[in-house]
Amino acid sequence: MQKLAFVVEDDENIREIIRCTLASCNLKVAGFEDAVEMFSALPSQMPDIILLDLMLPRMDGLDALKKLKSDRATAHIPVLIITAKSSETDKVTGLDLGADDYITKPFGILELMARVRAALRRSKGGHTEQAVFEFRGLRLDTVRREVTQNGKPVALTLKEFDLLKFLMQHCGQAMTRDEILDNVWGYSYMGETRTLDMHIRSLRQKLGESAGSKGMITTVRGIGYKFSP
């Protein structure tokens with residue numbers, strides 16, 4: 001599955017260079033002129049990595065980093081600082097605040113690619129799975145395997161729970177039917193997709209009955225489904 005990268009950079013030329021570099025690493029890229037724009041895109045899109053400039057309009061990059069790392073929903077996302085601020089003090093400050101790497105401008109394309117790949121590997125290898133997902137009153141606890149809507153329990157089957165968990169993990173991303181079946185059912189599904197469609201329909205009914213949350217799980221025509229709170 002293609003990973004998503006956020007690039008927060010106010011210089012359009014540099015943003016485009018970074019976008020092209022990440023695209024060559026087979027990453028989907030969303031670019032933002034400042035951190036305020038980026039936060040407005042969360043949590044409808046949940047990136048796998050964030051490349052963040054420090055000297056930004058409206059919200060300083062370090063303030064954005066603090067906000068990302070203090071929020072349970074985004075604290076696990078690796079953040080690479082890319083900035084012209086090259087003093088040792090700046091580097092130490094950024095790393096102490098939770099940045100996964102610190103890259104100074106001007107940077108080499110090959111070095112940037114290598115550092116991005118390394119950050120993604122570390123994230124995959126060392127990240128403890130997020131235990132709780134919560135959007136607009138819908139709360140899924142992976143440890144207790146419980147789902148509540150505005151504090152009221154929602155009774156789900158094992159597969160319904162796993163399906164909802166997978167969609168919430170990829171909030172805002174259109175997941176193909178094959179990706180869902182491979183990850184939830186554990187096999188490459190060939191032929192009828194009624195199993196998935198039935199579970200989606202059941203989930204919608206149960207979530208809707210519990211608190212009128214219809215519309216959270218949307219159909220993406222020709223692709224599959226997406227969790228969009």
# chains A, B, ... in the order shown; residues from 1 in each chain; ligands from 1
call {"tool": "residues_around", "arguments": {"residues": "segment 153-160 of chain A", "least_positions_apart": "2", "cutoff": "10 Å", "atoms": "only C-alpha atoms", "output": "list of chain:residue names"}}
result
A:Leu138, A:Arg139, A:Leu140, A:Arg145, A:Glu146, A:Val147, A:Thr148, A:Gln149, A:Asn150, A:Gly151, A:Asp162, A:Leu163, A:Leu164, A:Lys165, A:Phe166, A:Val184, A:Trp185, A:Leu196, A:Met198, A:His199, A:Ile200, A:Ser202, A:Leu203, A:Lys206, A:Leu207, A:Glu209, A:Ser210, A:Ala211
call {"tool": "select_by_dssp", "arguments": {"residues": "segment 31-186 of chain A", "states": "strand (DSSP E or B)", "output": "ChimeraX atom specification"}}
result
/A:31-32,49-52,79-83,101-104,132-135,138-141,146-149,152-153,175-176
call {"tool": "residues_around", "arguments": {"residues": "segment 64-66 of chain A", "least_positions_apart": "4", "cutoff": "12 Å", "atoms": "only C-alpha atoms", "output": "ChimeraX atom specification"}}
result
/A:8,34-39,50-60,70-72,74-81,93-100
call {"tool": "atom_distance", "arguments": {"atom1": "atom CA of Ile17 of chain A", "atom2": "atom CA of Arg122 of chain A"}}
result
24.0 Å
call {"tool": "closest_residue", "arguments": {"among": "A:Arg194, A:Arg19, A:Arg201, A:Arg177", "to": "Ile109 of chain A", "atoms": "only C-alpha atoms"}}
result
A:Arg19
call {"tool": "closest_atom_pairs", "arguments": {"of": "segment 147-183 of chain A", "to": "segment 224-229 of chain A", "cutoff": "9 Å", "atoms": "only C-alpha atoms", "output": "CSV"}}
result
residue,atom,partner,partner_atom,distance
A:Leu164,CA,A:Phe227,CA,8.4
A:Leu167,CA,A:Phe227,CA,5.5
A:Met168,CA,A:Phe227,CA,6.0
A:Gln169,CA,A:Phe227,CA,8.9
A:His170,CA,A:Phe227,CA,7.4
A:Cys171,CA,A:Phe227,CA,5.2
A:Gly172,CA,A:Ser228,CA,5.4
A:Gln173,CA,A:Lys226,CA,5.8
A:Ala174,CA,A:Lys226,CA,4.7
A:Met175,CA,A:Tyr225,CA,5.6
A:Thr176,CA,A:Gly224,CA,4.4
A:Arg177,CA,A:Gly224,CA,5.0
A:Asp178,CA,A:Gly224,CA,8.4
A:Glu179,CA,A:Gly224,CA,9.0
A:Ile180,CA,A:Gly224,CA,8.4
call {"tool": "closest_residue", "arguments": {"among": "A:Val92, A:Met46, A:Leu120, A:Ile82", "to": "Thr104 of chain A", "atoms": "only C-alpha atoms"}}
result
A:Ile82
call {"tool": "atom_distance", "arguments": {"atom1": "atom CA of Lys69 of chain A", "atom2": "atom CA of Phe6 of chain A"}}
result
15.2 Å
call {"tool": "atom_distance", "arguments": {"atom1": "atom CA of Lys105 of chain A", "atom2": "atom CA of Lys85 of chain A"}}
result
7.9 Å
call {"tool": "select_by_dssp", "arguments": {"residues": "segment 13-193 of chain A", "states": "alpha helix (DSSP H)", "output": "PyMOL selection string"}}
result
chain A and resi 13-24+35-41+61-70+88-96+109-126+158-169+177-180
call {"tool": "closest_residue", "arguments": {"among": "A:Ala41, A:Ile103, A:Ala5, A:Leu22", "to": "Ser86 of chain A", "atoms": "only C-alpha atoms"}}
result
A:Ile103
call {"tool": "closest_residue", "arguments": {"among": "A:Leu68, A:Leu112, A:Asp101, A:Lys91", "to": "Cys20 of chain A", "atoms": "only C-alpha atoms"}}
result
A:Leu112
call {"tool": "decode", "arguments": {"residues": "segment 71-94 of chain A", "atoms": "N, CA and C atoms", "output": "tab-separated table (two decimals), in the first residue's frame"}}
result
chain	number	residue	atom	x	y	z
A	71	ASP	N	-0.32	15.26	20.78
A	71	ASP	CA	-1.62	14.69	20.43
A	71	ASP	C	-1.45	13.19	20.21
A	72	ARG	N	-2.21	12.39	20.95
A	72	ARG	CA	-2.09	10.94	20.87
A	72	ARG	C	-2.35	10.42	19.46
A	73	ALA	N	-3.20	11.11	18.70
A	73	ALA	CA	-3.55	10.65	17.36
A	73	ALA	C	-2.41	10.84	16.37
A	74	THR	N	-1.49	11.78	16.63
A	74	THR	CA	-0.42	12.06	15.68
A	74	THR	C	0.98	11.88	16.26
A	75	ALA	N	1.08	11.56	17.53
A	75	ALA	CA	2.39	11.48	18.19
A	75	ALA	C	3.30	10.42	17.56
A	76	HIS	N	2.70	9.37	16.98
A	76	HIS	CA	3.51	8.28	16.42
A	76	HIS	C	4.07	8.58	15.04
A	77	ILE	N	3.59	9.64	14.38
A	77	ILE	CA	3.99	9.93	13.01
A	77	ILE	C	5.42	10.48	13.00
A	78	PRO	N	6.34	9.88	12.25
A	78	PRO	CA	7.70	10.42	12.19
A	78	PRO	C	7.71	11.80	11.52
A	79	VAL	N	8.46	12.72	12.12
A	79	VAL	CA	8.56	14.09	11.61
A	79	VAL	C	10.02	14.39	11.29
A	80	LEU	N	10.27	14.78	10.05
A	80	LEU	CA	11.61	15.19	9.63
A	80	LEU	C	11.61	16.71	9.46
A	81	ILE	N	12.46	17.39	10.20
A	81	ILE	CA	12.60	18.83	10.05
A	81	ILE	C	13.54	19.12	8.88
A	82	ILE	N	13.10	20.01	8.00
A	82	ILE	CA	13.94	20.47	6.89
A	82	ILE	C	13.99	21.99	6.97
A	83	THR	N	15.16	22.54	7.26
A	83	THR	CA	15.23	23.97	7.57
A	83	THR	C	16.61	24.54	7.24
A	84	ALA	N	16.65	25.86	7.09
A	84	ALA	CA	17.92	26.56	6.90
A	84	ALA	C	18.62	26.83	8.23
A	85	LYS	N	17.92	26.63	9.34
A	85	LYS	CA	18.51	26.87	10.67
A	85	LYS	C	19.43	25.70	11.00
A	86	SER	N	20.73	25.97	10.99
A	86	SER	CA	21.71	24.87	11.04
A	86	SER	C	22.56	24.84	12.30
A	87	SER	N	22.28	25.70	13.28
A	87	SER	CA	23.11	25.70	14.49
A	87	SER	C	22.86	24.44	15.31
A	88	GLU	N	23.84	24.09	16.12
A	88	GLU	CA	23.70	22.91	16.96
A	88	GLU	C	22.54	23.06	17.94
A	89	THR	N	22.35	24.28	18.44
A	89	THR	CA	21.24	24.53	19.37
A	89	THR	C	19.89	24.27	18.72
A	90	ASP	N	19.74	24.73	17.47
A	90	ASP	CA	18.50	24.49	16.74
A	90	ASP	C	18.25	23.00	16.56
A	91	LYS	N	19.29	22.27	16.19
A	91	LYS	CA	19.16	20.83	15.97
A	91	LYS	C	18.76	20.12	17.27
A	92	VAL	N	19.44	20.45	18.34
A	92	VAL	CA	19.15	19.81	19.63
A	92	VAL	C	17.72	20.11	20.06
A	93	THR	N	17.29	21.36	19.88
A	93	THR	CA	15.93	21.74	20.26
A	93	THR	C	14.90	20.94	19.48
A	94	GLY	N	15.09	20.85	18.18
A	94	GLY	CA	14.16	20.10	17.34
A	94	GLY	C	14.10	18.63	17.70
